[in-house]
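Trainee: Here it is: the structure, laid out below.
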Amino acid sequence: MINFMKKIIFLVVFSVLLSFPALAAEQKSKVLIDDSGLKQAANSDDMKDRQQPEDREATSASPRYGQDSEIKDQPVQIQNKGISAEQVRDGAKNFWDSIQAEPKAETAQDLKLLILEKKQELAREFELVGNKVKQKVFKNQNVVREAVHALVAAENLAFGIGPQISAIAQEFNNSAEKIIQAEERIQARSKIRSFFFGGDLKAALELKDEIEKNKSRIQELRRLESDCDCEQEILEIIQEQVGNLEQEQYRLEQLARKQTESRGLFGILLSWFKR
């Protein structure tokens, strides 16, 4: 009798909950239609005619960076163009080729300058990504890209381990592509979907797979550090970048764990029903 009542209660609750997403979608559709009408009215010819010539000129010529920008005079410059998140992601696939083509550092001061320039370049690219979800993902993965670039740039200064750390850096770069795609799906998951169905288990498993591989790579980098016949300053820079990679793996671990532990309302109901 108790099991029968559980089934009845579960079916009723399940039916009611299923109606919520449909109602939300219908309401969202109405809002989009109304919003579309407002946008059409706002973009009418009458509105365009009201814009003063000087206003149009100021709008089209407004710079992204002011004259007082701290990084405007740096050697690495990026043109002020509207770059979509997809273009940034596609460009990331060529990131390895781009840093391979760049000059390697010959002194510790050279290495520091190259790291600073790459950090500023990536920061500017990040500012040109309009989507907030993608901004968050790329900001996190820029930590990895900075480390990859630094390890490659230090190749000629890390005597005895230069080629090895460069090869591991390439593996990290390839891994970053997969991590970006998995984390985008997690960050873009709607709150309603997460509430009912829990976290994105598939994306979380993909992250865990890359995390385990990256942990092995970090262990290898730590082992290589002891074999580095280089200046103490160079060794400290390498150790700092490897530490940044470790912190990023920890962040990804927490993100993946949160996704796997989030069962959602349906998961909780099913668990209760199976008792």
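A note on labels: chains of the structure tokens are A, B, ... as shown, every chain counts residues from 1, and ligands are counted from 1 in their shown order.
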Please provide as a VMD selection string all residues within 9 Å of region 92-102 of chain A, with the sequence filter that same-chain residues fewer than 4 positions apart are discarded (counting only C-alpha atoms).
Mentor: chain A and resid 87 to 88 145 148 to 149 152 to 153 170 173 to 174 177
Trainee: Can you pull out every residue within 9 Å of region 249-264 of chain A, counting only C-alpha atoms, but drop anything in the same chain fewer than 6 positions away, and send it as number ranges by chain?
Mentor: A: 179, 183, 186, 193-201, 203-208, 211-212, 214-215
Trainee: Taking only C-alpha atoms into account, which of A:Asn140, A:Ala176, A:Phe126, A:Val133 comes nearest Arg189 (chain A)?
Mentor: A:Val133
Trainee: I need the residue nearest Gln232 (chain A) from this list: A:Ser190, A:Gly130, A:Lys104, A:Ala158. Use only C-alpha atoms for the distance.
Mentor: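 Closest residue, counting only C-alpha atoms: A:Ala158.
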Trainee: I'd like the contact shell of region 159-164 of chain A - 7 Å cut-off, only C-alpha atoms, skipping same-chain residues fewer than 6 positions apart - returned as a ChimeraX atom specification.
Mentor: /A:224,227-230
Trainee: Need to verify the contact set: Glu184 (chain A), 9 Å, only C-alpha atoms, exclusion of same-chain residues closer than 6 positions in sequence. Can you return it as a ChimeraX atom specification?
Mentor: /A:133-134,136-137
